[in-house]
$ cat input22.pdb   # PDB, C-alpha atoms
MODEL        1
ATOM      1  CA  MET A  18       0.000   0.000   0.000  1.00  0.00           C
ATOM      2  CA  ASP A  19       1.300   3.450  -0.917  1.00  0.00           C
ATOM      3  CA  LEU A  20       0.254   5.588   2.033  1.00  0.00           C
ATOM      4  CA  LEU A  21       1.199   8.787   0.223  1.00  0.00           C
ATOM      5  CA  LYS A  22      -1.825   8.118  -2.013  1.00  0.00           C
ATOM      6  CA  TYR A  23      -4.138   6.905   0.734  1.00  0.00           C
ATOM      7  CA  LYS A  24      -7.365   8.870   1.139  1.00  0.00           C
ATOM      8  CA  PHE A  25      -7.769   9.506   4.856  1.00  0.00           C
ATOM      9  CA  PRO A  26     -11.312  10.258   5.984  1.00  0.00           C
ATOM     10  CA  PRO A  27     -11.944  13.933   6.636  1.00  0.00           C
ATOM     11  CA  ILE A  28     -11.376  14.851  10.276  1.00  0.00           C
ATOM     12  CA  SER A  29     -13.369  17.817  11.547  1.00  0.00           C
ATOM     13  CA  ASP A  30     -12.364  20.070  14.424  1.00  0.00           C
ATOM     14  CA  VAL A  31     -15.028  18.335  16.508  1.00  0.00           C
ATOM     15  CA  ASP A  32     -13.427  14.971  15.658  1.00  0.00           C
ATOM     16  CA  MET A  33     -10.115  16.387  16.854  1.00  0.00           C
ATOM     17  CA  ALA A  34     -11.624  17.388  20.203  1.00  0.00           C
ATOM     18  CA  PHE A  35     -14.011  14.462  20.785  1.00  0.00           C
ATOM     19  CA  SER A  36     -12.682  11.666  18.642  1.00  0.00           C
ATOM     20  CA  THR A  37     -14.610   8.504  17.886  1.00  0.00           C
ATOM     21  CA  VAL A  38     -12.465   7.413  14.940  1.00  0.00           C
ATOM     22  CA  LYS A  39     -12.755   3.667  14.434  1.00  0.00           C
ATOM     23  CA  THR A  40     -10.053   1.275  13.265  1.00  0.00           C
ATOM     24  CA  ASP A  41      -9.559   1.382   9.501  1.00  0.00           C
ATOM     25  CA  LYS A  42      -9.298  -2.275   8.470  1.00  0.00           C
ATOM     26  CA  LYS A  43      -7.104  -1.508   5.430  1.00  0.00           C
ATOM     27  CA  LEU A  44      -4.601   0.376   7.562  1.00  0.00           C
ATOM     28  CA  LEU A  45      -4.641  -2.384  10.173  1.00  0.00           C
ATOM     29  CA  ILE A  46      -3.904  -5.055   7.560  1.00  0.00           C
ATOM     30  CA  GLU A  47      -0.981  -2.971   6.276  1.00  0.00           C
ATOM     31  CA  ALA A  48       0.312  -2.333   9.805  1.00  0.00           C
ATOM     32  CA  LYS A  49       0.239  -6.063  10.532  1.00  0.00           C
ATOM     33  CA  ALA A  50       1.997  -6.842   7.249  1.00  0.00           C
ATOM     34  CA  ARG A  51       4.788  -4.398   8.148  1.00  0.00           C
ATOM     35  CA  GLY A  52       5.232  -5.871  11.638  1.00  0.00           C
ATOM     36  CA  TYR A  53       3.744  -3.063  13.738  1.00  0.00           C
ATOM     37  CA  TYR A  54       1.002  -5.128  15.427  1.00  0.00           C
ATOM     38  CA  ASN A  55       2.402  -6.253  18.788  1.00  0.00           C
ATOM     39  CA  GLY A  56       5.717  -5.064  17.409  1.00  0.00           C
ATOM     40  CA  SER A  57       8.751  -3.657  19.126  1.00  0.00           C
ATOM     41  CA  THR A  58       9.942  -1.318  16.407  1.00  0.00           C
ATOM     42  CA  PRO A  59      11.290   2.193  16.935  1.00  0.00           C
ATOM     43  CA  TYR A  60       7.950   3.492  15.622  1.00  0.00           C
ATOM     44  CA  ASN A  61       5.998   1.442  18.178  1.00  0.00           C
ATOM     45  CA  ARG A  62       8.210   2.936  20.885  1.00  0.00           C
ATOM     46  CA  LEU A  63       7.680   6.425  19.448  1.00  0.00           C
ATOM     47  CA  PHE A  64       3.916   5.899  19.551  1.00  0.00           C
ATOM     48  CA  ASN A  65       4.108   4.873  23.217  1.00  0.00           C
ATOM     49  CA  THR A  66       6.223   7.901  24.080  1.00  0.00           C
ATOM     50  CA  LEU A  67       3.803  10.243  22.305  1.00  0.00           C
ATOM     51  CA  PHE A  68       0.746   8.522  23.753  1.00  0.00           C
ATOM     52  CA  PHE A  69       1.887   8.446  27.372  1.00  0.00           C
ATOM     53  CA  THR A  70       4.164  11.494  27.711  1.00  0.00           C
ATOM     54  CA  GLY A  71       3.966  13.561  24.513  1.00  0.00           C
ATOM     55  CA  GLY A  72       6.838  14.836  22.450  1.00  0.00           C
ATOM     56  CA  THR A  73       7.826  16.413  19.169  1.00  0.00           C
ATOM     57  CA  LEU A  74       8.201  14.958  15.704  1.00  0.00           C
ATOM     58  CA  ASN A  75      10.978  15.348  13.169  1.00  0.00           C
ATOM     59  CA  PHE A  76       9.141  15.162   9.846  1.00  0.00           C
ATOM     60  CA  LYS A  77      10.752  13.645   6.777  1.00  0.00           C
ATOM     61  CA  PRO A  78      11.812  16.293   4.281  1.00  0.00           C
ATOM     62  CA  ASP A  79       9.845  16.709   1.073  1.00  0.00           C
ATOM     63  CA  LEU A  80       6.613  15.159   2.318  1.00  0.00           C
ATOM     64  CA  PRO A  81       3.667  16.350   0.261  1.00  0.00           C
ATOM     65  CA  GLU A  82       1.892  18.954   2.398  1.00  0.00           C
ATOM     66  CA  ASP A  83      -1.573  17.529   1.762  1.00  0.00           C
ATOM     67  CA  PHE A  84      -0.424  14.063   2.886  1.00  0.00           C
ATOM     68  CA  LYS A  85       1.294  15.453   5.971  1.00  0.00           C
ATOM     69  CA  ARG A  86      -1.751  17.521   6.942  1.00  0.00           C
ATOM     70  CA  SER A  87      -4.362  14.793   6.419  1.00  0.00           C
ATOM     71  CA  ALA A  88      -2.222  12.031   7.947  1.00  0.00           C
ATOM     72  CA  MET A  89      -1.437  14.114  11.029  1.00  0.00           C
ATOM     73  CA  ARG A  90      -5.085  15.097  11.587  1.00  0.00           C
ATOM     74  CA  TYR A  91      -6.051  11.446  11.272  1.00  0.00           C
ATOM     75  CA  LEU A  92      -3.180  10.301  13.514  1.00  0.00           C
ATOM     76  CA  LYS A  93      -3.939  12.804  16.278  1.00  0.00           C
ATOM     77  CA  SER A  94      -7.645  12.023  16.212  1.00  0.00           C
ATOM     78  CA  PHE A  95      -7.064   8.256  16.056  1.00  0.00           C
ATOM     79  CA  MET A  96      -4.624   8.318  18.972  1.00  0.00           C
ATOM     80  CA  GLN A  97      -7.230  10.142  21.123  1.00  0.00           C
ATOM     81  CA  SER A  98     -10.162   7.946  20.128  1.00  0.00           C
ATOM     82  CA  TYR A  99     -11.718   5.565  22.628  1.00  0.00           C
ATOM     83  CA  GLU A 100     -13.082   3.338  19.848  1.00  0.00           C
ATOM     84  CA  PRO A 101     -10.078   1.204  18.786  1.00  0.00           C
ATOM     85  CA  LYS A 102      -8.319  -1.429  20.841  1.00  0.00           C
ATOM     86  CA  HIS A 103      -4.992  -0.126  22.110  1.00  0.00           C
ATOM     87  CA  GLU A 104      -3.030  -2.713  20.056  1.00  0.00           C
ATOM     88  CA  GLU A 105      -4.746  -1.546  16.873  1.00  0.00           C
ATOM     89  CA  LYS A 106      -4.181   2.086  17.789  1.00  0.00           C
ATOM     90  CA  GLU A 107      -0.474   1.420  18.346  1.00  0.00           C
ATOM     91  CA  ALA A 108      -0.034  -0.579  15.131  1.00  0.00           C
ATOM     92  CA  ILE A 109      -1.742   1.921  12.834  1.00  0.00           C
ATOM     93  CA  SER A 110      -0.081   4.882  14.533  1.00  0.00           C
ATOM     94  CA  ALA A 111       3.351   3.252  14.191  1.00  0.00           C
ATOM     95  CA  LEU A 112       2.617   2.649  10.508  1.00  0.00           C
ATOM     96  CA  LEU A 113       1.720   6.295   9.955  1.00  0.00           C
ATOM     97  CA  LEU A 114       4.681   7.540  11.984  1.00  0.00           C
ATOM     98  CA  SER A 115       7.016   5.423   9.836  1.00  0.00           C
ATOM     99  CA  GLU A 116       5.806   7.329   6.790  1.00  0.00           C
ATOM    100  CA  LEU A 117       5.858  10.757   8.424  1.00  0.00           C
ATOM    101  CA  VAL A 118       8.940  11.056  10.609  1.00  0.00           C
ATOM    102  CA  GLU A 119      12.627  10.390  10.802  1.00  0.00           C
ATOM    103  CA  LEU A 120      13.988   8.898  13.972  1.00  0.00           C
TER     104      LEU A 120
ENDMDL
END
$ encode --input "input22.pdb" --output "structure tokens"
Amino acid sequence: MDLLKYKFPPISDVDMAFSTVKTDKKLLIEAKARGYYNGSTPYNRLFNTLFFTGGTLNFKPDLPEDFKRSAMRYLKSFMQSYEPKHEEKEAISALLLSELVEL
């Protein structure tokens, strides 16, 4: 899957504040295929740091702005949502972080 071409669902400002984003099955399948489900990758660890203590991100250079904007809105909203299981939240977030940031 080429995530740079993935069409993330629109995330409203209300979704950002009171998220109920559900697990996207396509993203979960891709996250599992790349080893992020129950994984111990640097991106899984980054997710846990962001989730539990916060932090800053070092974005990859030359990311298309529309991808960066839509992926980050989705990521922030998804990480705050109470809908997904934590393992699914971690896997999909790690997948997205791997596309967005440099470690």
$ resolve_selection --input "input22.pdb" --expression "the PyMOL selection byres ((chain A and resi 87) around 12)" --output "number ranges by chain"
A: 20-29, 80-86, 88-95, 113, 117
$ atom_distance --input "input22.pdb" --atom1 "CA of Tyr99 (chain A)" --atom2 "CA of Thr40 (chain A)"
10.4 Å
$ resolve_selection --input "input22.pdb" --expression "the PyMOL selection byres ((chain A and resi 51) around 12)" --output "PyMOL selection string"
chain A and resi 18+44-50+52-58+60-61+108-109+111-113+115-116
$ write_last_selection --input "input22.pdb" --atoms "C-alpha atoms" --output "PDB file, in the coordinates of the input"
ATOM      1  CA  MET A  18       0.000   0.000   0.000  1.00  0.00           C
ATOM      2  CA  LEU A  44      -4.601   0.376   7.562  1.00  0.00           C
ATOM      3  CA  LEU A  45      -4.641  -2.384  10.173  1.00  0.00           C
ATOM      4  CA  ILE A  46      -3.904  -5.055   7.560  1.00  0.00           C
ATOM      5  CA  GLU A  47      -0.981  -2.971   6.276  1.00  0.00           C
ATOM      6  CA  ALA A  48       0.312  -2.333   9.805  1.00  0.00           C
ATOM      7  CA  LYS A  49       0.239  -6.063  10.532  1.00  0.00           C
ATOM      8  CA  ALA A  50       1.997  -6.842   7.249  1.00  0.00           C
ATOM      9  CA  GLY A  52       5.232  -5.871  11.638  1.00  0.00           C
ATOM     10  CA  TYR A  53       3.744  -3.063  13.738  1.00  0.00           C
ATOM     11  CA  TYR A  54       1.002  -5.128  15.427  1.00  0.00           C
ATOM     12  CA  ASN A  55       2.402  -6.253  18.788  1.00  0.00           C
ATOM     13  CA  GLY A  56       5.717  -5.064  17.409  1.00  0.00           C
ATOM     14  CA  SER A  57       8.751  -3.657  19.126  1.00  0.00           C
ATOM     15  CA  THR A  58       9.942  -1.318  16.407  1.00  0.00           C
ATOM     16  CA  TYR A  60       7.950   3.492  15.622  1.00  0.00           C
ATOM     17  CA  ASN A  61       5.998   1.442  18.178  1.00  0.00           C
ATOM     18  CA  ALA A 108      -0.034  -0.579  15.131  1.00  0.00           C
ATOM     19  CA  ILE A 109      -1.742   1.921  12.834  1.00  0.00           C
ATOM     20  CA  ALA A 111       3.351   3.252  14.191  1.00  0.00           C
ATOM     21  CA  LEU A 112       2.617   2.649  10.508  1.00  0.00           C
ATOM     22  CA  LEU A 113       1.720   6.295   9.955  1.00  0.00           C
ATOM     23  CA  SER A 115       7.016   5.423   9.836  1.00  0.00           C
ATOM     24  CA  GLU A 116       5.806   7.329   6.790  1.00  0.00           C
TER      25      GLU A 116
END
$ atom_distance --input "input22.pdb" --atom1 "CA of Glu119 (chain A)" --atom2 "CA of Asn65 (chain A)"
16.0 Å
$ atom_distance --input "input22.pdb" --atom1 "CA of Glu107 (chain A)" --atom2 "CA of Pro59 (chain A)"
11.9 Å
$ closest_residue --input "input22.pdb" --among "A:His103, A:Ser36, A:Leu120, A:Asp41" --to "Leu63 (chain A)" --atoms "all atoms listed in the file"
A:Leu120
$ closest_residue --input "input22.pdb" --among "A:Thr73, A:Glu105, A:Asp19, A:Ser98" --to "Thr37 (chain A)" --atoms "only C-alpha atoms"
A:Ser98
$ residues_around --input "input22.pdb" --residues "Ser110 (chain A)" --least-positions-apart "4" --cutoff "7 Å" --atoms "only C-alpha atoms" --output "number ranges by chain"
A: 64, 92, 106, 114
$ write_last_selection --input "input22.pdb" --atoms "C-alpha atoms" --output "PDB file, in the coordinates of the input"
ATOM      1  CA  PHE A  64       3.916   5.899  19.551  1.00  0.00           C
ATOM      2  CA  LEU A  92      -3.180  10.301  13.514  1.00  0.00           C
ATOM      3  CA  LYS A 106      -4.181   2.086  17.789  1.00  0.00           C
ATOM      4  CA  LEU A 114       4.681   7.540  11.984  1.00  0.00           C
TER       5      LEU A 114
END
$ closest_residue --input "input22.pdb" --among "A:Pro78, A:Asp32, A:Lys39, A:Gly72" --to "Val118 (chain A)" --atoms "only C-alpha atoms"
A:Pro78
$ axis_aligned_box --input "input22.pdb" --around "region 77-96 of chain A" --padding-each-side "4 Å" --output "JSON"
{"center_x": 2.1, "center_y": 13.6, "center_z": 9.6, "size_x": 27.5, "size_y": 18.7, "size_z": 26.7}
$ closest_residue --input "input22.pdb" --among "A:Met96, A:Lys43, A:Phe35, A:Pro101" --to "Gly71 (chain A)" --atoms "only C-alpha atoms"
A:Met96
$ build_atoms --input "input22.pdb" --residues "region 25-39 of chain A" --atoms "N, CA and C atoms" --output "PDB file, keeping the file's coordinate frame"
ATOM      1  N   PHE A  25      -7.314   9.522   3.467  1.00  0.00           N
ATOM      2  CA  PHE A  25      -7.769   9.506   4.856  1.00  0.00           C
ATOM      3  C   PHE A  25      -9.157  10.131   4.927  1.00  0.00           C
ATOM      4  N   PRO A  26      -9.991   9.632   5.839  1.00  0.00           N
ATOM      5  CA  PRO A  26     -11.312  10.258   5.984  1.00  0.00           C
ATOM      6  C   PRO A  26     -11.142  11.679   6.497  1.00  0.00           C
ATOM      7  N   PRO A  27     -12.045  12.563   6.125  1.00  0.00           N
ATOM      8  CA  PRO A  27     -11.944  13.933   6.636  1.00  0.00           C
ATOM      9  C   PRO A  27     -12.144  13.937   8.151  1.00  0.00           C
ATOM     10  N   ILE A  28     -11.316  14.728   8.823  1.00  0.00           N
ATOM     11  CA  ILE A  28     -11.376  14.851  10.276  1.00  0.00           C
ATOM     12  C   ILE A  28     -11.750  16.295  10.594  1.00  0.00           C
ATOM     13  N   SER A  29     -12.907  16.470  11.199  1.00  0.00           N
ATOM     14  CA  SER A  29     -13.369  17.817  11.547  1.00  0.00           C
ATOM     15  C   SER A  29     -12.707  18.274  12.843  1.00  0.00           C
ATOM     16  N   ASP A  30     -12.881  19.552  13.157  1.00  0.00           N
ATOM     17  CA  ASP A  30     -12.364  20.070  14.424  1.00  0.00           C
ATOM     18  C   ASP A  30     -13.048  19.396  15.608  1.00  0.00           C
ATOM     19  N   VAL A  31     -14.314  19.054  15.453  1.00  0.00           N
ATOM     20  CA  VAL A  31     -15.028  18.335  16.508  1.00  0.00           C
ATOM     21  C   VAL A  31     -14.424  16.948  16.693  1.00  0.00           C
ATOM     22  N   ASP A  32     -14.082  16.278  15.579  1.00  0.00           N
ATOM     23  CA  ASP A  32     -13.427  14.971  15.658  1.00  0.00           C
ATOM     24  C   ASP A  32     -12.091  15.081  16.394  1.00  0.00           C
ATOM     25  N   MET A  33     -11.401  16.190  16.189  1.00  0.00           N
ATOM     26  CA  MET A  33     -10.115  16.387  16.854  1.00  0.00           C
ATOM     27  C   MET A  33     -10.318  16.521  18.371  1.00  0.00           C
ATOM     28  N   ALA A  34     -11.384  17.159  18.776  1.00  0.00           N
ATOM     29  CA  ALA A  34     -11.624  17.388  20.203  1.00  0.00           C
ATOM     30  C   ALA A  34     -12.295  16.198  20.888  1.00  0.00           C
ATOM     31  N   PHE A  35     -13.234  15.555  20.195  1.00  0.00           N
ATOM     32  CA  PHE A  35     -14.011  14.462  20.785  1.00  0.00           C
ATOM     33  C   PHE A  35     -14.006  13.274  19.827  1.00  0.00           C
ATOM     34  N   SER A  36     -12.866  12.672  19.673  1.00  0.00           N
ATOM     35  CA  SER A  36     -12.682  11.666  18.642  1.00  0.00           C
ATOM     36  C   SER A  36     -13.404  10.358  18.925  1.00  0.00           C
ATOM     37  N   THR A  37     -14.021   9.851  17.872  1.00  0.00           N
ATOM     38  CA  THR A  37     -14.610   8.504  17.886  1.00  0.00           C
ATOM     39  C   THR A  37     -14.169   7.744  16.634  1.00  0.00           C
ATOM     40  N   VAL A  38     -12.974   8.072  16.142  1.00  0.00           N
ATOM     41  CA  VAL A  38     -12.465   7.413  14.940  1.00  0.00           C
ATOM     42  C   VAL A  38     -12.310   5.923  15.218  1.00  0.00           C
ATOM     43  N   LYS A  39     -12.843   5.121  14.315  1.00  0.00           N
ATOM     44  CA  LYS A  39     -12.755   3.667  14.434  1.00  0.00           C
ATOM     45  C   LYS A  39     -11.529   3.149  13.686  1.00  0.00           C
TER      46      LYS A  39
END
